[in-house]
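S.K.: Here you go, final_36.txt (compact mmCIF, C-alpha atoms):
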```
# COMPACT_ATOMS: atom_id res chain seq x y z
CA MET A 1 -14.68 -15.47 -32.80
CA ILE A 2 -13.58 -12.92 -30.23
CA CYS A 3 -11.51 -9.99 -31.46
CA ARG A 4 -9.54 -8.17 -28.78
CA LEU A 5 -7.14 -5.28 -29.05
CA ASP A 6 -5.38 -2.84 -26.75
CA TYR A 7 -5.04 0.56 -28.36
CA LYS A 8 -3.10 3.45 -26.87
CA VAL A 9 -4.79 6.68 -27.87
CA PRO A 10 -2.03 9.03 -29.08
CA GLY A 11 -1.32 11.28 -26.09
CA GLY A 12 -4.29 9.81 -24.25
CA LYS A 13 -5.71 6.76 -22.57
CA LEU A 14 -5.51 2.99 -23.10
CA LEU A 15 -8.52 1.53 -24.87
CA ARG A 16 -9.22 -2.18 -24.57
CA VAL A 17 -11.81 -3.28 -27.10
CA SER A 18 -13.37 -6.67 -27.52
CA VAL A 19 -15.85 -7.77 -30.19
CA ASP A 20 -17.57 -11.13 -30.45
CA VAL A 21 -18.19 -11.85 -34.12
CA ASP A 22 -20.56 -14.55 -35.28
CA GLU A 23 -21.08 -15.01 -39.04
CA GLY A 24 -20.18 -11.40 -39.75
CA ILE A 25 -22.34 -9.97 -36.97
CA ALA A 26 -20.85 -8.17 -33.96
CA THR A 27 -22.91 -9.91 -31.29
CA ARG A 28 -21.18 -8.23 -28.36
CA VAL A 29 -19.03 -5.10 -28.32
CA ARG A 30 -17.09 -3.90 -25.31
CA VAL A 31 -15.07 -0.71 -25.12
CA ALA A 32 -13.11 -0.62 -21.86
CA GLY A 33 -10.28 1.50 -20.54
CA ASP A 34 -9.05 4.11 -18.10
CA PHE A 35 -10.86 7.02 -19.74
CA PHE A 36 -13.61 9.34 -18.56
CA ALA A 37 -16.97 9.79 -20.25
CA HIS A 38 -19.81 12.03 -19.04
CA PRO A 39 -22.46 10.98 -18.47
CA GLU A 40 -21.36 7.37 -18.10
CA SER A 41 -24.86 6.14 -18.98
CA ALA A 42 -24.67 7.75 -22.45
CA PHE A 43 -21.46 5.84 -23.12
CA ASP A 44 -23.06 2.58 -21.97
CA GLU A 45 -26.01 3.21 -24.29
CA ALA A 46 -23.79 4.04 -27.26
CA GLU A 47 -21.81 0.87 -26.63
CA ALA A 48 -24.89 -1.32 -26.21
CA GLY A 49 -26.30 0.01 -29.48
CA LEU A 50 -23.40 -1.53 -31.42
CA SER A 51 -24.30 -5.12 -30.65
CA GLY A 52 -26.09 -6.84 -33.51
CA LEU A 53 -24.57 -4.69 -36.24
CA SER A 54 -22.57 -6.05 -39.16
CA ALA A 55 -18.91 -6.23 -38.14
CA ALA A 56 -18.00 -4.51 -41.40
CA ASP A 57 -20.06 -1.48 -40.41
CA LEU A 58 -18.85 -1.41 -36.81
CA PRO A 59 -16.09 1.24 -36.97
CA GLU A 60 -18.27 3.80 -38.76
CA ALA A 61 -21.24 3.01 -36.52
CA ALA A 62 -19.07 3.41 -33.41
CA LYS A 63 -17.78 6.76 -34.64
CA ARG A 64 -21.36 7.98 -35.00
CA ALA A 65 -22.60 6.40 -31.76
CA PHE A 66 -19.85 7.87 -29.56
CA SER A 67 -20.19 11.29 -31.23
CA ARG A 68 -23.66 11.78 -29.77
CA PRO A 69 -24.00 15.37 -28.58
CA ASP A 70 -24.93 14.50 -25.00
CA LEU A 71 -21.70 12.52 -24.46
CA ALA A 72 -18.38 14.14 -23.53
CA LEU A 73 -15.25 12.00 -23.79
CA TYR A 74 -11.98 12.76 -22.00
CA GLY A 75 -8.72 11.07 -22.95
CA LEU A 76 -10.11 9.72 -26.20
CA GLU A 77 -12.35 10.65 -29.12
CA ALA A 78 -15.04 8.73 -30.99
CA LYS A 79 -12.64 8.26 -33.90
CA ASP A 80 -10.16 6.53 -31.58
CA ILE A 81 -12.78 3.98 -30.58
CA ALA A 82 -13.61 3.44 -34.26
CA GLU A 83 -9.93 2.95 -35.06
CA ALA A 84 -9.41 0.50 -32.19
CA LEU A 85 -12.41 -1.56 -33.34
CA ARG A 86 -11.22 -1.49 -36.95
CA LEU A 87 -7.76 -2.70 -35.96
CA ALA A 88 -9.22 -5.41 -33.71
CA LEU A 89 -11.31 -6.75 -36.59
CA VAL A 90 -8.44 -6.53 -39.09
CA GLN A 91 -6.05 -8.28 -36.73
CA SER A 92 -8.37 -11.21 -36.06
CA ALA A 93 -9.18 -11.54 -39.77
CA LYS A 94 -5.42 -11.90 -40.39
CA GLN A 95 -4.99 -14.39 -37.58
CA GLY A 96 -8.04 -16.34 -38.74
CA SER A 97 -6.79 -16.73 -42.33
CA MET B 1 -22.25 27.55 0.87
CA LYS B 2 -21.69 25.34 3.89
CA ILE B 3 -19.95 22.00 3.35
CA ARG B 4 -20.15 19.24 5.93
CA LEU B 5 -16.66 17.96 6.71
CA VAL B 6 -16.65 14.28 7.69
CA ASN B 7 -13.21 13.18 8.83
CA ASP B 8 -12.96 9.45 9.50
CA ALA B 9 -9.93 10.00 11.74
CA ALA B 10 -11.71 12.50 13.95
CA ALA B 11 -14.81 10.32 14.11
CA GLY B 12 -13.12 7.69 16.28
CA GLY B 13 -14.71 4.26 16.31
CA SER B 14 -14.27 1.77 13.51
CA GLY B 15 -14.13 4.42 10.76
CA SER B 16 -10.88 5.80 12.14
CA ARG B 17 -9.14 2.59 11.17
CA GLY B 18 -10.59 2.64 7.67
CA VAL B 19 -13.46 0.62 6.25
CA PRO B 20 -13.72 -1.93 3.42
CA GLY B 21 -13.81 -0.72 -0.18
CA ALA B 22 -17.40 -1.78 -0.84
CA LEU B 23 -18.55 0.29 2.15
CA ASN B 24 -16.43 3.28 1.14
CA MET B 25 -18.03 3.25 -2.29
CA GLY B 26 -21.45 2.72 -0.68
CA ILE B 27 -20.90 5.78 1.51
CA ASP B 28 -19.84 7.88 -1.49
CA GLN B 29 -23.03 6.93 -3.34
CA THR B 30 -25.22 7.43 -0.29
CA VAL B 31 -23.86 10.91 0.29
CA LEU B 32 -24.48 11.69 -3.37
CA GLU B 33 -28.10 10.59 -3.03
CA GLU B 34 -28.61 12.50 0.22
CA VAL B 35 -27.13 15.73 -1.13
CA SER B 36 -29.11 15.31 -4.34
CA ALA B 37 -32.33 14.96 -2.35
CA GLY B 38 -31.49 17.99 -0.22
CA LYS B 39 -31.33 15.82 2.90
CA ALA B 40 -27.66 16.47 3.61
CA LEU B 41 -25.34 19.43 3.25
CA PRO B 42 -22.79 19.25 0.45
CA THR B 43 -20.14 17.01 1.92
CA LEU B 44 -16.38 16.56 1.98
CA ARG B 45 -15.32 13.25 3.48
CA LEU B 46 -11.76 12.21 4.35
CA TYR B 47 -11.27 8.49 4.69
CA HIS B 48 -9.11 5.44 4.23
CA TRP B 49 -9.35 1.72 3.61
CA ALA B 50 -9.11 -1.46 5.64
CA PRO B 51 -8.24 -3.86 4.24
CA SER B 52 -6.23 -2.35 1.39
CA CYS B 53 -8.29 -2.21 -1.76
CA VAL B 54 -7.82 -1.81 -5.48
CA THR B 55 -10.51 0.22 -7.20
CA LEU B 56 -11.23 0.03 -10.86
CA GLY B 57 -12.39 2.84 -13.15
CA TYR B 58 -16.05 2.54 -14.18
CA PHE B 59 -15.13 1.66 -17.78
CA GLN B 60 -12.35 -0.80 -17.02
CA SER B 61 -12.52 -4.55 -17.34
CA MET B 62 -11.93 -6.27 -13.99
CA ALA B 63 -10.64 -9.45 -15.62
CA GLU B 64 -8.20 -7.56 -17.82
CA GLU B 65 -6.85 -5.18 -15.18
CA ILE B 66 -6.83 -7.09 -11.89
CA ASP B 67 -5.44 -10.45 -10.77
CA LEU B 68 -8.30 -11.39 -8.44
CA ALA B 69 -6.58 -14.54 -7.22
CA ALA B 70 -3.56 -12.47 -6.15
CA CYS B 71 -5.91 -10.02 -4.42
CA ALA B 72 -7.61 -12.84 -2.53
CA GLY B 73 -4.25 -14.33 -1.56
CA ARG B 74 -3.09 -11.04 -0.10
CA GLY B 75 -6.41 -10.12 1.50
CA ILE B 76 -6.90 -7.11 -0.78
CA ASP B 77 -10.40 -6.08 -1.84
CA ALA B 78 -11.28 -5.18 -5.43
CA VAL B 79 -14.19 -2.84 -6.20
CA ARG B 80 -15.45 -1.00 -9.26
CA ARG B 81 -15.97 2.76 -8.86
CA ILE B 82 -18.79 4.86 -10.28
CA THR B 83 -16.12 7.21 -11.66
CA GLY B 84 -13.98 6.71 -14.74
CA GLY B 85 -10.19 6.65 -14.84
CA GLY B 86 -7.70 3.94 -14.01
CA ALA B 87 -7.10 1.27 -11.40
CA VAL B 88 -5.90 2.61 -8.03
CA PHE B 89 -4.30 0.64 -5.21
CA HIS B 90 -5.52 2.15 -1.94
CA ASP B 91 -3.07 1.40 0.81
CA ALA B 92 -1.30 4.12 2.81
CA GLU B 93 -3.21 7.18 1.72
CA VAL B 94 -5.80 9.81 2.51
CA THR B 95 -8.82 9.52 0.28
CA TYR B 96 -11.35 12.31 -0.07
CA SER B 97 -14.79 12.43 -1.60
CA LEU B 98 -16.61 15.66 -2.35
CA VAL B 99 -20.29 15.95 -3.25
CA VAL B 100 -21.75 19.35 -4.17
CA PRO B 101 -24.79 20.30 -6.24
CA GLU B 102 -24.12 21.23 -9.86
CA GLY B 103 -24.11 24.98 -10.38
CA SER B 104 -22.59 25.65 -6.96
CA PRO B 105 -19.26 27.53 -6.96
CA LEU B 106 -17.23 24.27 -6.98
CA ALA B 107 -19.31 22.62 -9.69
CA PRO B 108 -19.51 24.81 -12.78
CA ASP B 109 -20.75 23.14 -15.99
CA ASP B 110 -17.18 22.94 -17.26
CA ILE B 111 -15.85 19.66 -15.85
CA MET B 112 -12.20 20.58 -16.45
CA ALA B 113 -12.69 23.85 -14.57
CA SER B 114 -14.27 22.03 -11.62
CA TYR B 115 -11.33 19.61 -11.41
CA GLY B 116 -9.11 22.66 -11.01
CA LEU B 117 -11.29 24.23 -8.31
CA VAL B 118 -11.50 21.05 -6.26
CA CYS B 119 -7.85 20.09 -6.72
CA GLU B 120 -6.75 23.55 -5.58
CA GLY B 121 -7.72 22.44 -2.08
CA LEU B 122 -5.33 19.50 -2.29
CA VAL B 123 -2.58 21.72 -3.68
CA ARG B 124 -2.98 24.16 -0.76
CA GLY B 125 -3.11 21.31 1.72
CA LEU B 126 0.11 19.82 0.39
CA ARG B 127 1.77 23.24 0.44
CA GLY B 128 0.75 23.46 4.09
CA LEU B 129 2.85 20.36 4.64
CA GLY B 130 5.78 22.05 2.93
CA ILE B 131 5.38 20.39 -0.46
CA ASP B 132 5.60 22.40 -3.66
CA ALA B 133 2.55 20.82 -5.29
CA VAL B 134 0.93 21.81 -8.57
CA PHE B 135 -2.28 20.80 -10.33
CA ALA B 136 -1.48 18.79 -13.46
CA PRO B 137 -4.61 18.70 -15.66
CA ILE B 138 -6.75 16.74 -16.33
CA ASN B 139 -6.83 15.15 -12.92
CA ASP B 140 -3.45 14.77 -11.21
CA ILE B 141 -1.43 16.68 -8.67
CA GLN B 142 2.32 16.57 -8.95
CA ALA B 143 5.29 17.49 -6.81
CA GLY B 144 8.80 17.59 -8.25
CA GLY B 145 7.35 16.34 -11.54
CA ARG B 146 5.92 13.20 -9.96
CA LYS B 147 2.30 12.31 -9.27
CA VAL B 148 1.26 12.38 -5.62
CA SER B 149 -2.52 12.54 -6.10
CA GLY B 150 -5.03 11.20 -8.62
CA ASN B 151 -8.65 12.32 -8.87
CA ALA B 152 -11.83 11.22 -10.62
CA GLN B 153 -15.14 12.97 -11.08
CA THR B 154 -18.64 12.09 -12.14
CA ARG B 155 -21.87 14.05 -12.41
CA LYS B 156 -25.01 12.27 -11.29
CA GLN B 157 -28.43 13.26 -9.94
CA GLY B 158 -27.63 16.94 -10.33
CA CYS B 159 -24.46 16.68 -8.25
CA LEU B 160 -20.73 16.60 -8.75
CA LEU B 161 -18.97 13.74 -7.02
CA GLN B 162 -15.19 13.86 -7.04
CA HIS B 163 -12.99 11.49 -5.15
CA GLY B 164 -9.26 11.12 -5.11
CA THR B 165 -6.22 10.13 -3.15
CA VAL B 166 -3.11 11.61 -1.63
CA LEU B 167 -0.41 8.99 -1.21
CA LEU B 168 1.18 8.74 2.23
CA ASP B 169 3.52 5.96 1.17
CA LEU B 170 4.11 3.75 -1.85
CA ASP B 171 4.13 -0.03 -2.09
CA LEU B 172 4.71 -0.58 -5.79
CA GLU B 173 5.66 -4.23 -5.41
CA THR B 174 2.29 -5.07 -3.89
CA MET B 175 0.52 -2.83 -6.37
CA PHE B 176 2.03 -4.57 -9.37
CA SER B 177 1.47 -7.98 -7.82
CA ILE B 178 -2.29 -7.46 -8.14
CA LEU B 179 -2.44 -5.51 -11.40
CA ARG B 180 -2.36 -7.53 -14.58
CA VAL B 181 0.58 -6.46 -16.70
CA PRO B 182 1.16 -7.30 -20.37
CA ALA B 183 4.04 -9.65 -19.59
CA GLU B 184 5.47 -10.93 -16.36
CA LYS B 185 9.01 -10.08 -17.45
CA LEU B 186 7.98 -6.42 -17.77
CA LYS B 187 7.01 -6.21 -14.12
CA ASP B 188 10.40 -5.00 -12.86
CA LYS B 189 10.50 -2.35 -15.55
CA LEU B 190 6.97 -1.22 -14.71
CA VAL B 191 7.86 -0.90 -11.03
CA GLN B 192 10.93 1.14 -12.00
CA ASP B 193 8.93 3.37 -14.34
CA ALA B 194 6.26 3.90 -11.70
CA ARG B 195 8.91 4.82 -9.13
CA ALA B 196 10.06 7.58 -11.48
CA ARG B 197 6.53 8.86 -12.09
CA VAL B 198 4.81 8.49 -8.70
CA THR B 199 5.73 9.68 -5.24
CA SER B 200 4.25 9.95 -1.76
CA LEU B 201 4.34 12.25 1.24
CA ARG B 202 6.96 10.00 2.78
CA GLY B 203 9.07 10.21 -0.36
CA LEU B 204 8.69 13.98 -0.57
CA LEU B 205 9.21 14.81 3.10
CA GLY B 206 11.58 12.03 4.10
CA ARG B 207 9.50 11.12 7.12
CA GLU B 208 6.40 9.17 7.91
CA VAL B 209 3.19 11.21 7.63
CA GLY B 210 0.18 9.65 9.28
CA PHE B 211 -3.45 9.81 8.18
CA ASP B 212 -4.44 12.28 10.91
CA GLU B 213 -1.71 14.77 10.10
CA ALA B 214 -2.31 14.62 6.36
CA ALA B 215 -6.10 14.73 6.69
CA ALA B 216 -5.89 17.81 8.92
CA ALA B 217 -3.56 19.54 6.46
CA LEU B 218 -5.86 18.71 3.53
CA ALA B 219 -8.96 19.93 5.39
CA ALA B 220 -7.15 23.22 6.07
CA GLY B 221 -6.11 23.37 2.40
CA PHE B 222 -9.67 22.91 1.17
CA ALA B 223 -10.96 25.56 3.61
CA GLU B 224 -8.31 28.02 2.46
CA ALA B 225 -8.75 27.34 -1.26
CA TRP B 226 -12.52 27.60 -1.18
CA SER B 227 -13.01 30.50 1.27
CA GLY B 228 -12.80 32.94 -1.65
CA LEU B 229 -15.74 31.11 -3.24
CA GLY B 230 -17.88 31.62 -0.16
CA VAL B 231 -17.46 28.04 1.00
CA GLU B 232 -17.33 27.29 4.71
CA LEU B 233 -16.44 23.85 6.11
CA GLU B 234 -18.45 22.69 9.09
CA GLU B 235 -17.42 19.55 10.96
CA GLY B 236 -20.08 16.88 10.96
CA HIS B 237 -20.63 13.16 10.72
CA LEU B 238 -22.61 10.66 8.70
CA THR B 239 -26.14 10.04 9.95
CA GLU B 240 -27.43 6.62 11.00
CA ARG B 241 -29.63 6.64 7.91
CA GLU B 242 -26.64 7.31 5.67
CA LEU B 243 -24.63 4.53 7.29
CA ALA B 244 -27.51 2.07 7.00
CA ASN B 245 -28.03 2.93 3.35
CA ALA B 246 -24.29 2.70 2.67
CA ARG B 247 -24.15 -0.76 4.24
CA ARG B 248 -27.06 -1.83 2.06
CA LEU B 249 -25.30 -0.53 -1.08
CA ALA B 250 -22.08 -2.23 -0.02
CA ALA B 251 -23.90 -5.56 0.25
CA GLU B 252 -26.29 -5.24 -2.68
CA LYS B 253 -24.09 -3.43 -5.20
CA TYR B 254 -20.43 -2.93 -4.45
CA SER B 255 -19.78 -6.48 -3.22
CA THR B 256 -21.55 -8.16 -6.12
CA ARG B 257 -20.11 -9.80 -9.19
CA ASP B 258 -22.82 -8.12 -11.26
CA TRP B 259 -21.32 -4.74 -10.49
CA ASN B 260 -17.65 -5.54 -10.09
CA LEU B 261 -17.39 -7.80 -13.15
CA LYS B 262 -19.81 -5.87 -15.34
CA ARG B 263 -16.97 -5.10 -17.75
```
Could I get this file's structure written as structure tokens?

M.R.:
Amino acid sequence: MICRLDYKVPGGKLLRVSVDVDEGIATRVRVAGDFFAHPESAFDEAEAGLSGLSAADLPEAAKRAFSRPDLALYGLEAKDIAEALRLALVQSAKQGS
Amino acid sequence: MKIRLVNDAAAGGSGSRGVPGALNMGIDQTVLEEVSAGKALPTLRLYHWAPSCVTLGYFQSMAEEIDLAACAGRGIDAVRRITGGGAVFHDAEVTYSLVVPEGSPLAPDDIMASYGLVCEGLVRGLRGLGIDAVFAPINDIQAGGRKVSGNAQTRKQGCLLQHGTVLLDLDLETMFSILRVPAEKLKDKLVQDARARVTSLRGLLGREVGFDEAAAALAAGFAEAWSGLGVELEEGHLTERELANARRLAAEKYSTRDWNLKR
């Protein structure tokens, strides 16, 4: 199942998240949008580290991963990514039932 | 600090008519690598695009943002940038790219502060054309409350790279024909909204402003804004090595699906 959601950060950028979920595991997580993150490689690493986690743990894990001290986000915060992922998962769960 | 000024208009030859997006992005990266390695002076390049091109922010999804079939049908290129931010349709505009080492007067650690220092050159340049422009943080320049320039920065290999655009004219219909929008029926509304938020030199001055005139005004604006920081612009050109490396990057990176469709 692929969970997608567009999430407008209040006063900020547009996040477009997508999570592939297979038997409760987030096998692929993508956080896209028109934001800035420095350095970009730290964002890519944080994002890549989310694949393979339990979907239930994903929002909290994302909040931690994108809060790493060597990553600066502009136009969004780690908690916004967590919220977008949470809503994406909730929405697909509703549609799936 | 001396900064090499590379003006595609002044260069004559093919560059004066603009180059494809993949090559423009290849040149930006090459200059970054050369400056990082100490092989080139910090560099400010003024350029444009042929054919027209839509560039995508580093973190954006190509499939979600761009209608590639529409691009192909209209002969418009689509390329992912190494900088974040949003999709930009490069048509009638002056584009600049600045590469300076981190820690130099234009590249303090504070990224927001460096946007201000670099954008001040654009503001002065626009004022030189008679436009009351102001820097609108994080990364826009506005005139009369409307955006006339967007800018994007990255830090790599110990350097700041910032590129951005100043719009000479606006073609919102074409722009929205290649951008994916949430619903087709919203397209007219989006064009209307954009018309209220975005403007161009033509819109502001009520006359056509060509690349050469705008590029000269911007170069003068940068020189004026940065002279107080001890920066001196020195006209120069890209070396054969830089051009060769840029062509390689255009072919091996910026034209590839691996890069352009990576998100």

S.K.: Within 10 Å of chain B, which residues of chain A show up when using all atoms listed in the file, listed as an MDAnalysis selection string?

M.R.: chainID A and resid 13:17 30:41 43:44 72 74:75

S.K.: Counting all atoms listed in the file, which of B:Ala78, B:Leu126, B:Ile3, B:Ala70 gets nearest to Ser255 (chain B)?

M.R.: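 Ranking B:Ala78, B:Leu126, B:Ile3, B:Ala70 by distance to Ser255 (chain B), first place goes to B:Ala78.
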
S.K.: For region 46-53 of chain A, work out the shell of residues within 6 Å, counting all atoms listed in the file and skipping chain neighbours fewer than 3 positions away, then give it as a VMD selection string.

M.R.: chain A and resid 25 to 29 43 65 to 66

S.K.: For a quick check of understanding, using only C-alpha atoms, which of B:Asp67, B:Glu240, B:Asp171, B:Asp140 has the smallest distance to Tyr115 (chain B)?

M.R.: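 That would be B:Asp140, the residue with the smallest distance to Tyr115 (chain B).
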
S.K.: Which protein, DNA or RNA residues have an atom at most 9 Å from (6.6, 13.3, 0.2), counting all atoms listed in the file? List them as a VMD selection string.

M.R.: chain B and resid 131 143 148 167 to 169 199 to 209

S.K.: Quick one: of A:Arg86, A:Asp6, A:Asp20, A:Gly11, who's nearest to Ala56 (chain A), counting only C-alpha atoms?

M.R.: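 Smallest distance to Ala56 (chain A) is found for A:Arg86.
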
S.K.: For Val166 (chain B), which of B:Asp110, B:Tyr47, B:Ala136, B:Glu252 is the closest residue, counting all atoms listed in the file?

M.R.: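 Smallest separation from Val166 (chain B) among the options: B:Tyr47.
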
S.K.: Near Val21 (chain A), counting all atoms listed in the file, which residues have an atom at most 7 Å away, once you skip same-chain residues fewer than 6 positions from it, shown as number ranges by chain?

M.R.: A: 1-2, 27, 55

S.K.: Which value, in Å to one decimal, gives the distance between CA of Glu77 (chain A) and CA of Trp259 (chain B)?

M.R.: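 Taking CA of Glu77 (chain A) as the start and CA of Trp259 (chain B) as the end point, the length is 25.8 Å.
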
S.K.: Which of these residues is nearest to Glu173 (chain B), using all atoms listed in the file: B:Ile141, B:Leu190, B:Ile76, B:Leu243?

M.R.: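 Nearest candidate to Glu173 (chain B) out of B:Ile141, B:Leu190, B:Ile76, B:Leu243: B:Leu190.
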
S.K.: Give me, as a compact mmCIF listing (two decimals) with C-alpha atoms, in the coordinates of the input, all polymer residues having an atom no more than 7 Å from Ala82 (chain A), counting all atoms listed in the file and skipping those fewer than 4 positions away in the same chain.

M.R.:
```txt
# COMPACT_ATOMS: atom_id res chain seq x y z
CA PRO A 59 -16.09 1.24 -36.97
CA GLU A 60 -18.27 3.80 -38.76
CA ALA A 62 -19.07 3.41 -33.41
CA LYS A 63 -17.78 6.76 -34.64
CA ALA A 78 -15.04 8.73 -30.99
CA ARG A 86 -11.22 -1.49 -36.95
```

S.K.: Measure the distance from CA of Val54 (chain B) to CA of Glu213 (chain B) in Å and round it to one decimal.

M.R.: 23.6 Å

S.K.: Determine the nearest neighbour of Phe176 (chain B) from the options B:Leu122, B:Leu129, B:Leu41, B:Ile66, counting all atoms listed in the file.

M.R.: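 Smallest separation from Phe176 (chain B) among the options: B:Ile66.
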
S.K.: So how far away is CA of Ser36 (chain B) from CA of Gly121 (chain B), in Å?

M.R.: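 CA of Ser36 (chain B) lies at a distance of 22.7 Å from CA of Gly121 (chain B).
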
S.K.: Taking the point (-22.7, 11.1, -2.7) as given in the file, collect each protein or nucleic acid residue that comes within 12 Å of it, counting all atoms listed in the file, and present the set as a CSV table (one decimal) with C-alpha atoms, in the frame of the given file.

M.R.:
```csv
chain,number,residue,atom,x,y,z
B,24,ASN,CA,-16.4,3.3,1.1
B,25,MET,CA,-18.0,3.2,-2.3
B,26,GLY,CA,-21.4,2.7,-0.7
B,27,ILE,CA,-20.9,5.8,1.5
B,28,ASP,CA,-19.8,7.9,-1.5
B,29,GLN,CA,-23.0,6.9,-3.3
B,30,THR,CA,-25.2,7.4,-0.3
B,31,VAL,CA,-23.9,10.9,0.3
B,32,LEU,CA,-24.5,11.7,-3.4
B,33,GLU,CA,-28.1,10.6,-3.0
B,34,GLU,CA,-28.6,12.5,0.2
B,35,VAL,CA,-27.1,15.7,-1.1
B,36,SER,CA,-29.1,15.3,-4.3
B,37,ALA,CA,-32.3,15.0,-2.4
B,38,GLY,CA,-31.5,18.0,-0.2
B,39,LYS,CA,-31.3,15.8,2.9
B,40,ALA,CA,-27.7,16.5,3.6
B,41,LEU,CA,-25.3,19.4,3.2
B,42,PRO,CA,-22.8,19.2,0.4
B,43,THR,CA,-20.1,17.0,1.9
B,44,LEU,CA,-16.4,16.6,2.0
B,45,ARG,CA,-15.3,13.2,3.5
B,82,ILE,CA,-18.8,4.9,-10.3
B,83,THR,CA,-16.1,7.2,-11.7
B,96,TYR,CA,-11.4,12.3,-0.1
B,97,SER,CA,-14.8,12.4,-1.6
B,98,LEU,CA,-16.6,15.7,-2.4
B,99,VAL,CA,-20.3,16.0,-3.2
B,100,VAL,CA,-21.8,19.4,-4.2
B,101,PRO,CA,-24.8,20.3,-6.2
B,153,GLN,CA,-15.1,13.0,-11.1
B,154,THR,CA,-18.6,12.1,-12.1
B,155,ARG,CA,-21.9,14.0,-12.4
B,156,LYS,CA,-25.0,12.3,-11.3
B,157,GLN,CA,-28.4,13.3,-9.9
B,158,GLY,CA,-27.6,16.9,-10.3
B,159,CYS,CA,-24.5,16.7,-8.2
B,160,LEU,CA,-20.7,16.6,-8.8
B,161,LEU,CA,-19.0,13.7,-7.0
B,162,GLN,CA,-15.2,13.9,-7.0
B,163,HIS,CA,-13.0,11.5,-5.2
B,238,LEU,CA,-22.6,10.7,8.7
B,242,GLU,CA,-26.6,7.3,5.7
B,245,ASN,CA,-28.0,2.9,3.4
B,246,ALA,CA,-24.3,2.7,2.7
```
